[in-house]
Structure formats: structure tokens, C-alpha cells
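Pasting query23.cif here (mmCIF, C-alpha atoms and all ligand atoms):
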data_structure
#
loop_
_atom_site.label_atom_id
_atom_site.label_comp_id
_atom_site.auth_asym_id
_atom_site.auth_seq_id
_atom_site.Cartn_x
_atom_site.Cartn_y
_atom_site.Cartn_z
CA MET A 22 27.41 202.90 43.93
CA SER A 23 26.45 201.40 47.28
CA SER A 24 22.94 200.89 48.48
CA LYS A 25 22.89 203.21 51.44
CA ARG A 26 24.30 206.51 52.55
CA VAL A 27 25.70 207.20 55.99
CA VAL A 28 26.85 210.51 57.45
CA LEU A 29 29.81 209.91 59.76
CA ALA A 30 30.94 212.33 62.48
CA TYR A 31 34.59 212.49 61.47
CA SER A 32 37.39 213.76 63.72
CA GLY A 33 40.37 212.63 61.66
CA GLY A 34 41.56 210.26 64.39
CA LEU A 35 42.21 206.55 64.07
CA ASP A 36 38.75 205.33 65.10
CA THR A 37 36.75 207.46 62.70
CA SER A 38 39.29 206.94 59.89
CA VAL A 39 39.02 203.18 60.23
CA ALA A 40 35.24 203.53 60.38
CA ILE A 41 35.14 204.75 56.77
CA PRO A 42 36.34 201.54 55.07
CA TRP A 43 34.57 199.49 57.74
CA LEU A 44 31.21 201.11 56.91
CA ARG A 45 31.83 200.54 53.22
CA GLU A 46 32.74 196.89 53.70
CA LYS A 47 30.45 195.81 56.50
CA LYS A 48 27.42 197.98 55.84
CA ASP A 49 27.78 198.39 52.10
CA ALA A 50 27.45 202.13 52.62
CA ASP A 51 28.63 205.30 50.95
CA VAL A 52 30.21 207.41 53.63
CA ILE A 53 29.80 211.16 53.87
CA ALA A 54 32.32 212.44 56.40
CA LEU A 55 31.26 215.45 58.43
CA THR A 56 33.74 217.37 60.54
CA VAL A 57 32.24 220.03 62.76
CA ASN A 58 34.51 222.83 63.88
CA VAL A 59 33.76 223.44 67.56
CA GLY A 60 37.09 225.10 68.23
CA GLN A 61 39.32 222.02 68.26
CA PRO A 62 42.92 222.64 67.22
CA GLY A 63 44.37 221.42 63.95
CA ASP A 64 43.98 222.06 60.28
CA LEU A 65 40.49 220.88 59.37
CA GLU A 66 41.24 221.09 55.67
CA ARG A 67 43.81 218.33 56.26
CA VAL A 68 41.17 216.39 58.19
CA ARG A 69 38.86 216.71 55.19
CA GLU A 70 41.57 215.33 52.91
CA ARG A 71 42.16 212.42 55.27
CA ALA A 72 38.48 211.51 55.06
CA ALA A 73 38.58 211.55 51.28
CA ASN A 74 41.77 209.46 51.26
CA ALA A 75 40.18 206.92 53.60
CA GLY A 76 37.41 206.42 51.07
CA ALA A 77 34.68 208.90 51.95
CA THR A 78 32.43 209.74 48.99
CA LYS A 79 32.19 213.27 50.25
CA ALA A 80 33.93 215.15 53.06
CA ILE A 81 32.36 218.22 54.58
CA VAL A 82 33.68 220.69 57.17
CA VAL A 83 31.21 222.97 58.96
CA ASP A 84 32.31 225.91 61.08
CA ALA A 85 29.91 225.82 64.04
CA ARG A 86 32.03 227.75 66.53
CA GLN A 87 29.73 230.73 66.82
CA GLU A 88 26.67 228.52 67.10
CA PHE A 89 28.47 226.48 69.76
CA ALA A 90 29.28 229.59 71.77
CA GLU A 91 25.89 231.25 71.51
CA THR A 92 23.43 228.36 71.45
CA PHE A 93 25.12 225.81 73.71
CA ILE A 94 27.81 227.43 75.86
CA ALA A 95 25.90 230.63 76.73
CA PRO A 96 22.83 228.80 78.12
CA ALA A 97 25.10 226.42 80.06
CA LEU A 98 26.99 229.36 81.53
CA ARG A 99 23.80 231.16 82.54
CA ALA A 100 22.90 227.93 84.33
CA ASN A 101 26.41 227.71 85.91
CA ALA A 102 26.36 224.16 84.59
CA LEU A 103 28.93 221.95 86.33
CA TYR A 104 28.44 218.19 86.33
CA GLU A 105 28.91 216.78 89.83
CA GLY A 106 29.81 220.31 90.82
CA VAL A 107 33.13 220.32 88.95
CA TYR A 108 33.04 219.54 85.22
CA PRO A 109 31.89 222.38 82.92
CA LEU A 110 30.61 219.84 80.38
CA SER A 111 32.85 220.90 77.50
CA THR A 112 32.71 217.62 75.59
CA ALA A 113 29.12 216.95 76.59
CA LEU A 114 27.88 220.29 75.21
CA ALA A 115 29.44 219.81 71.79
CA ARG A 116 27.73 216.48 71.17
CA PRO A 117 24.14 217.67 70.61
CA LEU A 118 25.52 220.39 68.32
CA ILE A 119 27.42 217.84 66.24
CA GLY A 120 24.33 215.63 66.35
CA ARG A 121 22.21 218.42 64.92
CA HIS A 122 24.65 218.92 62.05
CA LEU A 123 24.76 215.19 61.35
CA VAL A 124 20.98 215.20 61.05
CA ASP A 125 20.99 218.30 58.80
CA VAL A 126 23.54 216.78 56.44
CA ALA A 127 21.76 213.41 56.46
CA ARG A 128 18.60 215.16 55.28
CA GLN A 129 20.38 217.24 52.65
CA GLU A 130 22.18 214.20 51.29
CA GLY A 131 19.29 211.77 51.50
CA ALA A 132 21.16 209.52 53.93
CA SER A 133 19.33 206.88 55.95
CA ALA A 134 21.81 206.68 58.82
CA ILE A 135 24.33 208.60 60.83
CA ALA A 136 27.45 207.10 62.36
CA HIS A 137 29.90 208.04 65.09
CA GLY A 138 33.16 206.63 66.41
CA CYS A 139 32.16 206.25 70.06
CA THR A 140 32.73 203.07 71.99
CA GLY A 141 30.06 201.33 74.03
CA LYS A 142 31.61 202.38 77.34
CA GLY A 143 31.36 206.14 77.23
CA ASN A 144 28.89 208.99 77.50
CA ASP A 145 29.36 210.34 74.00
CA GLN A 146 27.51 207.44 72.37
CA VAL A 147 24.52 208.25 74.59
CA ARG A 148 24.62 211.91 73.56
CA PHE A 149 24.91 211.23 69.81
CA ASP A 150 22.28 208.51 69.84
CA LEU A 151 19.79 210.51 71.90
CA SER A 152 20.28 213.72 69.91
CA THR A 153 19.63 211.83 66.70
CA THR A 154 16.59 210.04 68.11
CA ALA A 155 15.13 213.32 69.31
CA LEU A 156 15.70 215.24 66.09
CA ALA A 157 15.26 212.54 63.47
CA PRO A 158 13.76 209.31 64.81
CA GLU A 159 13.68 207.90 61.28
CA LEU A 160 17.48 207.81 61.03
CA GLU A 161 19.44 204.72 61.94
CA VAL A 162 22.51 205.20 64.18
CA ILE A 163 25.57 203.09 63.50
CA ALA A 164 28.44 202.99 65.98
CA PRO A 165 31.17 200.88 64.34
CA ALA A 166 33.39 200.87 67.45
CA ARG A 167 30.51 199.33 69.42
CA GLU A 168 30.25 196.54 66.86
CA TRP A 169 33.76 195.72 65.82
CA SER A 170 35.90 193.86 68.30
CA MET A 171 39.24 195.38 67.43
CA ASP A 172 41.75 196.53 70.01
CA ARG A 173 44.13 199.31 69.14
CA ASP A 174 46.68 197.01 67.46
CA ALA A 175 43.98 195.42 65.35
CA GLU A 176 42.75 198.87 64.35
CA VAL A 177 46.25 199.93 63.32
CA ALA A 178 46.56 196.76 61.25
CA TYR A 179 43.16 197.40 59.67
CA ALA A 180 44.21 200.98 58.88
CA ARG A 181 47.47 199.79 57.27
CA ALA A 182 45.64 197.16 55.23
CA HIS A 183 43.33 199.85 53.90
CA GLY A 184 46.02 202.37 53.12
CA ILE A 185 45.07 204.78 55.88
CA PRO A 186 48.10 206.71 57.11
CA LEU A 187 48.32 206.95 60.89
CA ALA A 188 47.97 210.51 62.18
CA ALA A 189 51.22 212.44 62.22
CA GLY A 190 52.74 213.73 65.44
CA PRO A 191 54.05 212.04 68.55
CA SER A 192 51.91 209.23 69.84
CA THR A 193 50.67 209.81 73.39
CA PRO A 194 49.17 207.43 75.89
CA TYR A 195 46.26 209.83 76.37
CA SER A 196 42.92 210.18 74.68
CA THR A 197 41.89 213.80 74.37
CA ASP A 198 38.92 215.80 73.20
CA GLU A 199 39.11 219.56 72.69
CA ASN A 200 36.74 222.36 71.90
CA LEU A 201 36.16 226.00 72.77
CA TRP A 202 34.82 225.19 76.26
CA GLY A 203 37.63 222.88 77.33
CA ARG A 204 39.97 219.95 76.88
CA SER A 205 39.46 216.50 78.34
CA VAL A 206 42.18 213.93 78.90
CA GLU A 207 41.84 210.28 79.83
CA CYS A 208 43.69 206.91 79.60
CA GLY A 209 47.33 206.06 80.33
CA VAL A 210 48.49 206.63 83.89
CA LEU A 211 45.36 208.74 84.53
CA GLU A 212 43.45 205.47 84.83
CA ASP A 213 44.89 205.17 88.33
CA PRO A 214 42.97 207.73 90.39
CA ALA A 215 45.55 207.42 93.18
CA ILE A 216 48.26 208.97 90.99
CA GLU A 217 48.63 212.71 90.44
CA PRO A 218 48.27 213.63 86.75
CA PRO A 219 51.72 214.10 85.23
CA GLU A 220 52.51 217.53 83.82
CA GLU A 221 52.60 216.12 80.26
CA ALA A 222 48.87 215.38 80.44
CA TYR A 223 48.14 219.11 80.29
CA GLY A 224 48.12 221.04 77.05
CA TRP A 225 46.31 224.32 77.62
CA THR A 226 47.48 225.43 81.04
CA THR A 227 50.76 226.44 82.60
CA SER A 228 51.59 224.58 85.77
CA PRO A 229 50.50 226.76 88.72
CA GLN A 230 54.06 226.52 90.08
CA ALA A 231 55.52 227.88 86.86
CA ALA A 232 52.84 230.56 86.39
CA PRO A 233 53.86 234.23 86.71
CA ASP A 234 54.51 235.56 90.21
CA ALA A 235 52.36 238.61 89.60
CA PRO A 236 48.58 238.21 89.49
CA ALA A 237 46.67 239.04 86.33
CA TYR A 238 43.33 240.81 86.63
CA VAL A 239 40.53 240.47 84.10
CA LYS A 240 37.32 242.43 84.25
CA ILE A 241 34.37 240.66 82.69
CA ALA A 242 31.21 242.53 81.73
CA PHE A 243 27.91 240.63 81.59
CA GLU A 244 24.63 241.56 80.01
CA ARG A 245 21.64 239.50 81.07
CA GLY A 246 23.92 236.72 82.19
CA THR A 247 26.04 236.59 79.04
CA PRO A 248 29.62 237.87 78.95
CA VAL A 249 30.04 240.70 76.46
CA ALA A 250 33.40 242.34 77.19
CA ILE A 251 36.80 241.74 78.76
CA ASN A 252 38.67 244.71 80.23
CA ASP A 253 36.20 247.12 78.60
CA HIS A 254 36.83 245.54 75.23
CA ALA A 255 33.57 244.31 73.66
CA LEU A 256 33.99 240.89 72.05
CA PRO A 257 31.75 238.27 70.47
CA LEU A 258 31.37 235.38 72.94
CA LEU A 259 33.45 233.09 70.75
CA ASP A 260 36.46 235.43 70.85
CA LEU A 261 35.96 236.31 74.48
CA ILE A 262 36.17 232.64 75.47
CA GLY A 263 39.23 232.12 73.28
CA GLU A 264 41.03 235.07 74.86
CA LEU A 265 40.13 233.99 78.38
CA ASN A 266 41.32 230.44 77.73
CA ARG A 267 44.75 231.89 76.90
CA THR A 268 44.95 234.45 79.73
CA ALA A 269 43.63 232.19 82.47
CA GLY A 270 45.48 229.14 81.13
CA ALA A 271 48.76 231.09 81.30
CA ALA A 272 48.04 231.80 84.98
CA GLY A 273 47.61 228.06 85.63
CA VAL A 274 43.84 228.37 86.04
CA GLY A 275 41.41 225.72 84.82
CA ARG A 276 42.79 222.32 85.81
CA ILE A 277 40.22 219.82 87.04
CA ASP A 278 40.86 216.29 88.30
CA HIS A 279 37.56 214.44 88.43
CA VAL A 280 36.52 210.91 89.30
CA GLU A 281 33.23 211.03 87.52
CA SER A 282 30.12 208.92 87.31
CA ARG A 283 29.39 208.01 83.71
CA VAL A 284 25.87 207.48 82.42
CA VAL A 285 26.67 203.83 81.77
CA GLY A 286 27.53 203.21 85.42
CA ILE A 287 31.31 203.33 85.20
CA LYS A 288 33.41 205.52 87.50
CA SER A 289 36.17 207.07 85.43
CA ARG A 290 39.07 209.37 86.18
CA GLU A 291 39.09 212.34 83.89
CA VAL A 292 41.34 215.37 83.74
CA TYR A 293 40.07 218.61 82.23
CA GLU A 294 41.44 221.98 81.34
CA CYS A 295 38.69 224.58 81.20
CA PRO A 296 40.25 227.97 82.00
CA ALA A 297 37.61 230.23 80.45
CA ALA A 298 34.72 228.12 81.70
CA MET A 299 35.93 228.16 85.29
CA VAL A 300 36.62 231.89 85.35
CA LEU A 301 33.32 232.75 83.66
CA ILE A 302 31.19 230.51 85.87
CA ASP A 303 32.79 231.92 89.04
CA ALA A 304 32.38 235.49 87.80
CA HIS A 305 28.79 234.86 86.75
CA ARG A 306 27.94 233.39 90.13
CA ALA A 307 29.50 236.39 91.87
CA LEU A 308 27.33 238.74 89.85
CA GLU A 309 24.21 236.69 90.53
CA ALA A 310 24.96 236.81 94.25
CA LEU A 311 24.92 240.59 94.02
CA VAL A 312 21.70 241.06 92.05
CA LEU A 313 19.44 238.08 92.81
CA PRO A 314 17.45 237.58 96.01
CA ARG A 315 18.19 234.63 98.26
CA ASP A 316 15.17 232.47 97.43
CA LEU A 317 15.79 232.79 93.71
CA LEU A 318 19.49 231.95 94.12
CA GLU A 319 18.63 228.89 96.17
CA PHE A 320 15.95 227.63 93.84
CA LYS A 321 18.14 228.26 90.79
CA ARG A 322 20.85 226.05 92.32
CA THR A 323 18.55 223.05 92.16
CA VAL A 324 17.63 223.87 88.56
CA GLU A 325 21.33 224.28 87.70
CA GLN A 326 22.17 220.86 89.04
CA ARG A 327 19.41 219.23 87.03
CA TYR A 328 20.34 221.23 83.93
CA ALA A 329 23.98 220.12 84.17
CA GLN A 330 22.98 216.52 84.61
CA MET A 331 20.70 216.64 81.59
CA ILE A 332 23.56 217.94 79.44
CA TYR A 333 25.82 215.19 80.73
CA ASP A 334 23.16 212.55 80.17
CA GLY A 335 22.59 213.48 76.53
CA LEU A 336 19.17 215.04 77.14
CA TRP A 337 19.77 218.41 75.45
CA PHE A 338 16.94 218.08 72.93
CA THR A 339 14.14 217.50 75.41
CA PRO A 340 11.13 219.54 76.53
CA LEU A 341 12.38 219.53 80.13
CA ARG A 342 15.77 220.99 79.22
CA GLU A 343 14.07 223.67 77.16
CA ALA A 344 11.65 224.52 79.95
CA LEU A 345 14.49 224.73 82.49
CA ASP A 346 16.29 226.97 80.04
CA ALA A 347 13.29 229.30 79.91
CA PHE A 348 13.40 229.50 83.71
CA VAL A 349 17.11 230.30 83.67
CA VAL A 350 16.65 233.02 81.04
CA ALA A 351 13.91 234.58 83.18
CA THR A 352 16.33 234.78 86.12
CA GLN A 353 18.89 236.72 84.09
CA THR A 354 17.06 239.99 83.36
CA ARG A 355 19.15 241.88 85.93
CA VAL A 356 22.38 239.86 85.69
CA THR A 357 24.16 242.80 84.12
CA GLY A 358 27.34 244.30 85.51
CA GLU A 359 31.06 243.76 85.89
CA VAL A 360 33.19 241.31 87.83
CA ALA A 361 36.96 241.59 88.29
CA MET A 362 38.73 238.26 88.59
CA LYS A 363 42.22 237.83 89.97
CA LEU A 364 44.16 235.04 88.26
CA TYR A 365 47.09 233.88 90.26
CA LYS A 366 49.05 230.62 90.17
CA GLY A 367 46.14 228.32 89.47
CA SER A 368 43.42 230.16 91.32
CA ALA A 369 40.74 232.49 90.05
CA THR A 370 39.17 234.62 92.76
CA VAL A 371 36.60 237.36 92.66
CA ALA A 372 38.30 240.68 93.32
CA GLY A 373 35.32 243.00 92.87
CA ARG A 374 31.84 243.24 91.41
CA ARG A 375 29.31 245.94 90.58
CA SER A 376 25.94 246.22 88.90
CA PRO A 377 23.30 248.87 88.30
CA TYR A 378 20.87 246.28 89.75
CA SER A 379 22.93 245.57 92.85
CA LEU A 380 20.86 244.62 95.90
CA TYR A 381 23.79 245.52 98.13
CA GLN A 382 22.89 248.65 100.08
CA HIS A 383 25.69 250.17 102.05
CA GLY A 384 23.26 251.93 104.39
CA LEU A 385 21.81 248.56 105.39
CA ALA A 386 25.06 246.63 105.56
CA THR A 387 27.43 249.05 107.23
CA TYR A 388 28.55 248.91 110.84
CA SER A 389 29.91 252.45 110.53
CA SER A 390 28.11 255.77 110.52
CA GLY A 391 25.25 256.02 108.05
CA ASP A 392 23.60 252.82 109.30
CA ARG A 393 19.94 252.94 108.22
CA PHE A 394 18.94 249.50 109.46
CA ARG A 395 16.31 249.69 112.26
CA GLN A 396 17.86 247.26 114.70
CA GLU A 397 15.00 247.53 117.21
CA MET A 398 12.71 245.88 114.63
CA ALA A 399 14.82 242.71 114.69
CA GLU A 400 13.46 241.59 118.06
CA GLY A 401 9.84 241.41 116.88
CA PHE A 402 10.92 239.75 113.64
CA ILE A 403 12.84 237.09 115.51
CA TYR A 404 9.92 236.51 117.90
CA VAL A 405 7.59 235.65 115.01
CA TRP A 406 10.28 233.83 113.01
CA GLY A 407 11.05 231.69 116.05
CA LEU A 408 7.45 230.98 117.00
CA PRO A 409 7.34 227.49 115.44
CA ALA A 410 10.51 226.51 117.32
CA ARG A 411 9.12 227.93 120.58
CA THR A 412 5.82 226.09 120.15
CA TRP A 413 7.52 222.82 119.29
CA SER A 414 9.85 223.04 122.19
CA SER A 415 7.16 223.73 124.77
CA ALA A 416 4.89 220.98 123.39
CA GLY A 417 7.72 218.46 123.81
CA SER A 418 8.41 219.40 127.40
CA ARG A 419 4.72 219.33 128.53
CA PRO A 420 4.37 215.57 129.39
CA THR A 421 7.30 215.72 131.78
CA THR A 422 5.40 217.91 134.25
CA PRO A 423 3.34 215.85 136.76
CA THR A 424 0.08 217.72 136.17
CA ALA A 425 0.31 217.38 132.41
CA ARG A 426 1.03 213.68 132.72
CA ALA A 427 -1.92 213.25 135.06
CA SER A 428 -4.30 215.05 132.72
CA GLN A 429 -3.12 212.85 129.83
CA VAL A 430 -3.76 209.69 131.83
CA ARG A 431 -7.29 210.84 132.56
CA LEU A 432 -7.94 211.55 128.90
CA TYR A 433 -7.12 208.03 127.76
N1 LIG B 1 34.05 212.20 80.35
C1 LIG B 1 33.82 213.41 79.64
C2 LIG B 1 32.37 213.49 79.21
O1 LIG B 1 31.68 212.55 79.32
C3 LIG B 1 34.76 213.57 78.47
C4 LIG B 1 34.61 212.58 77.39
C5 LIG B 1 35.70 212.73 76.40
N2 LIG B 1 35.32 212.15 75.16
C6 LIG B 1 36.16 211.68 74.30
N3 LIG B 1 35.67 211.18 73.21
N4 LIG B 1 37.44 211.67 74.50
O2 LIG B 1 31.91 214.49 78.76
#
Output the structure of this file as C-alpha cells.
Ligand code: ARG
Amino acid sequence: MSSKRVVLAYSGGLDTSVAIPWLREKKDADVIALTVNVGQPGDLERVRERAANAGATKAIVVDARQEFAETFIAPALRANALYEGVYPLSTALARPLIGRHLVDVARQEGASAIAHGCTGKGNDQVRFDLSTTALAPELEVIAPAREWSMDRDAEVAYARAHGIPLAAGPSTPYSTDENLWGRSVECGVLEDPAIEPPEEAYGWTTSPQAAPDAPAYVKIAFERGTPVAINDHALPLLDLIGELNRTAGAAGVGRIDHVESRVVGIKSREVYECPAAMVLIDAHRALEALVLPRDLLEFKRTVEQRYAQMIYDGLWFTPLREALDAFVVATQTRVTGEVAMKLYKGSATVAGRRSPYSLYQHGLATYSSGDRFRQEMAEGFIYVWGLPARTWSSAGSRPTTPTARASQVRLY
């Protein structure tokens, strides 16, 4: 029996597998391995066995897919959250969820610390550490990979010496992270931002060139900003996202090549595949454009940007994020309706939209018969609207006239 208990976020990969004996040896800790199912591929029962074989006292798997979809993805989608305008935050969103489960298990098991396999160079350490601090400031956070100075070869040697089998399957030069909201790929040749990502880096999407020659249409129904059906087929959000990842991915939709600004100051080149996220965010925006007034749309954009950055920066469990979320929810009361998206060789475009709350009035917009807009009123509107510009302009030109100049001279 060791002196302390640590709950480790366990993926089954090399880093977290090596962390188990390392925590036992270096920290004299009993390790409880926790694997959270956020929609990553693979047999998690096998992952659980791997943890036990690596020396975990206990190995737990939690299915958090529905919670991930409803409590993390749905709010992010309502906020159209895209970091730096392009990354739907798939990895970033899963971290506070995993953090919450780490804290829950730590409390149930009487552990004094949580641990994760993140290095000191990435964003994920920030997200795990900050989630833990916010939810359970009494817990210690241990990040073995930040402390040990092993390169990959040393880790493999350490694994061998401790009887940890290396993960089966072909070894790839890439480091990937996958969940319901997307797949991220880094390392290898991707570290040169001047080079186009090779086809082999992708796993979820068909190459746009090889995608079907006929477009696929999907109709997405939203209720209060949350997708509820595809092609008139009501689905729980979790299943809806899964289905859309397959349909849009097959059409080559969802590839993102991003040189991104990490929290720790590093610029990194990251490739993502987020088919469902990209289609849903575009469709959601199209519906908002139909039902929300201009000032609200504009103001919401600034909130969206801040919201996305807070997710990226690991600030999910904060009063500001929650208050912004309340604002976003308040904007969604009429974001109900349907959007048809056309998926074609890598692009997703809006093909049509309708809503019972549509602000689009044909009688106002049309240039054909049935025009109800009172054009003669525009002149007076523009006179008043332009008054500040008129006043400014005439004030600026005043000193150039001789009489005005003369009167100014007399004044001073
Ligand atoms: N750069 C992305 C982010 O910060 C993806 C990180 C991928 N994480 C990983 N452990 N492979 O969200």
C-alpha cells in the first residue's frame, strides 16, 4: 500500500501508460486510471486492461459522450465557437469535461492528486490544470511528462523495462487526438507549415478530389440554437453529430489547416478534421442571420470570439464563461428552423433556410411587384442619418473661407 492516491487521465497511449509505473516509483502513489469516453475510436475495455497491466490499482472507464454533446458541444455551437476563426475547439472542449470527471473520481476514491500526460509545451496542460484548480483547489496536479526528461526512445525503453507492451497497430509519425467534435493531427512533416499536409495525415475525411461527383444535401433542424434533426429524422445530439461526421466527411468536408497561437506563446501547425462541427456552425450561422436583428448579430460576434478564446485558454469553469453562456442562451429563443446544406467535394454551402421567426419579408425585399417598402421615406431617413457627416464636413471647410479666417483671427 502506497501513501498517496492519484487519479490519472488515461488514454492508453505510450505517455499515460509510462506514467503509471513512473507515478508509483517517483511519487510513491497508487494510481487510479480514468478513461473518459468522449467519442474517441478504439476498444476502451482494452484500454482499461492496459491500465491494469501497467500497474494501475484500479482502472475506470466512464461514458461521457452524451454529457460532452449536451453540456460542452451544444453551448459551443450556439456560440459558433471557432478559435482564431477556424478551429472548432474539439480537443479544447473535451478537457474541462475530463477534468470534471478526474475531480469526481478523486473525491470518490479519496485521492489527493490528479495526473495527466500532457507535456509542458501544449494547451492541454493549461486546460487540465485550470479545470482542476477551479473545481477542486485542494487537489494537487501532477504532470509526469512535464517532470521527466525522457524523449520518445527513452520512454520506449522505460516501457519495455516495466513490461508495458507498446500499442498495437502501425506506428505513425503523427500525434492525434480524437473525439466526437473532431480529430487533431500534429507532428511529423506537418511541423513544416510550408508543406501541404499529405493525404495520409487524414483519417476521417475523403480527399475532396476523390469525393463523389454528385452533391449530397442534408437538412438540419434547429430548436433554440441546438440541432435536433437531420433530414426530418429526430436524433439525440450525440447521434446527430456522429451521422454528420460520416456524411460530411465522405464528401471531403471538414479539413482545416491551421497555424495556431498556443496559450504558451508557441505558434504551431495543426491539422484538424471536423466535418460535423463545420457544417453545423455554418448552418447555425445561416439560421441566425435569418432570425436575429443586425445589432444582436454584431454584438454576439464579439461575445463568440471571447467565448472561443476562453475555451481554448482553459477557462471553461469561470464566472465570465458562464455569464457569456447566459447571454448566448438568451439570443437563441428564436433560433428555430431548418437549414439545407449542400456538401460537395470539400465544401459545405448553405442551400436554403427557413424559420417561423424569419425576419425576411418578401414584401420589403422584393424588386418585383408586391413591393411594400415606402421608398420616398428613405430620403428623410438618409438626411438625418447623414447629419453628423454633413456637420463635420462643413465645420472642416469653414476656416478656408476668408471671412471665417478673419473672424477667427479677431477672436484670438
Ligand atoms: N492544438 C489543439 C488544441 O490546443 C489540439 C491539441 C491536440 N492535443 C493532443 N494532445 N494531441 O486544442
Could you please determine the separation between CA of Val274 (chain A) and CA of Ala232 (chain A) in Å, to one decimal place?
->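 Computing it gives 9.3 Å between the two atoms.
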Sorted per-residue table, region 311-402 of chain A near region 226-229 of chain A, closest atoms and distance, 9 Å, only C-alpha atoms, as CSV:
residue,atom,partner,partner_atom,distance
A:Tyr365,CA,A:Pro229,CA,8.0
A:Lys366,CA,A:Pro229,CA,4.4
A:Gly367,CA,A:Pro229,CA,4.7
A:Ser368,CA,A:Pro229,CA,8.3
Selection to disk with C-alpha atoms, as a compact mmCIF listing (two decimals), in the coordinates of the input:
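For reference, result-v1.txt as written:
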# COMPACT_ATOMS: atom_id res chain seq x y z
CA TYR A 365 47.09 233.88 90.26
CA LYS A 366 49.05 230.62 90.17
CA GLY A 367 46.14 228.32 89.47
CA SER A 368 43.42 230.16 91.32
Quiz item: Counting all atoms listed in the file, what residues are within 6 Å of ligand LIG 1 (chain B), given as number ranges by chain?
Solution: A: 110, 112-113, 144, 196-198, 205
Among A:Ala180, A:Ile403, A:Leu261, A:Leu123, Tyr31 (chain A) is approached most closely, using only C-alpha atoms, by A:Leu123
Which residues, protein or nucleic acid, reach to within 7 Å of (33.4, 225.3, 58.5) in the file's coordinates when using all atoms listed in the file, and can you give that as a short mmCIF file (atom, residue, chain, number, x, y, z; two decimals) with C-alpha atoms, keeping the file's coordinate frame?
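Below is the file out.cif, written as the result:
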data_model
loop_
_atom_site.label_atom_id
_atom_site.label_comp_id
_atom_site.auth_asym_id
_atom_site.auth_seq_id
_atom_site.Cartn_x
_atom_site.Cartn_y
_atom_site.Cartn_z
CA VAL A 57 32.24 220.03 62.76
CA ASN A 58 34.51 222.83 63.88
CA VAL A 82 33.68 220.69 57.17
CA VAL A 83 31.21 222.97 58.96
CA ASP A 84 32.31 225.91 61.08
CA ALA A 85 29.91 225.82 64.04
#
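Across the structure, CA of Glu400 (chain A) and CA of Thr412 (chain A) are spaced 17.4 Å apart.
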Counting all atoms listed in the file, what is within 10 Å of Glu88 (chain A), bar same-chain residues fewer than 4 positions away, as a PyMOL selection string?
chain A and resi 59+84+92-95+118+259
Pick from A:Ala399, A:Ala134, A:Ala351, A:Leu317: nearest to Gly246 (chain A), with all atoms listed in the file counted?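 Checking each of A:Ala399, A:Ala134, A:Ala351, A:Leu317 against Gly246 (chain A), counting all atoms listed in the file, the winner is A:Ala351.
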In Å and to one decimal, CA of Ala344 (chain A) is distant from CA of Val324 (chain A) by 10.5 Å
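Restricting the calculation to all atoms listed in the file, the smallest distance between Ala136 (chain A) and any of A:Glu207, A:Glu244, A:Asp150, A:Asp172 is found for A:Asp150.
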Selection near Ile135 (chain A), 12 Å with all atoms listed in the file, sequence-local residues under 3 positions removed, as a ChimeraX atom specification: /A:25-31,44,50-55,119-128,130-132,138,149-150,152-154,157-165
Using all atoms listed in the file, the best pick from A:Glu199, A:Asp234, A:Glu46, A:Asp36 as closest to Ala115 (chain A) would be A:Glu199
Using all atoms listed in the file, the best pick from A:Val312, A:Leu35, A:Ala297, A:Leu156 as closest to Ala75 (chain A) would be A:Leu35
- prompt: Which residues, written as a VMD selection string, have at least one atom at most 8 Å from Gln326 (chain A), with only C-alpha atoms counted and residues fewer than 2 positions away on the same chain left out?
  reply: chain A and resid 102 to 106 322 to 324 328 to 330
Take the point (31.2, 208.7, 85.9) in the file's coordinates, draw a sphere of radius 12 Å around it, and report as a VMD selection string every protein, DNA or RNA residue with an atom inside or on it, counting all atoms listed in the file. chain A and resid 104 to 105 108 142 to 144 279 to 291 330 333 to 334
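Among A:Pro314, A:Pro233, A:Pro219, A:Gly335, the residue with the shortest atom-to-atom distance to Leu380 (chain A), counting all atoms listed in the file, is A:Pro314.
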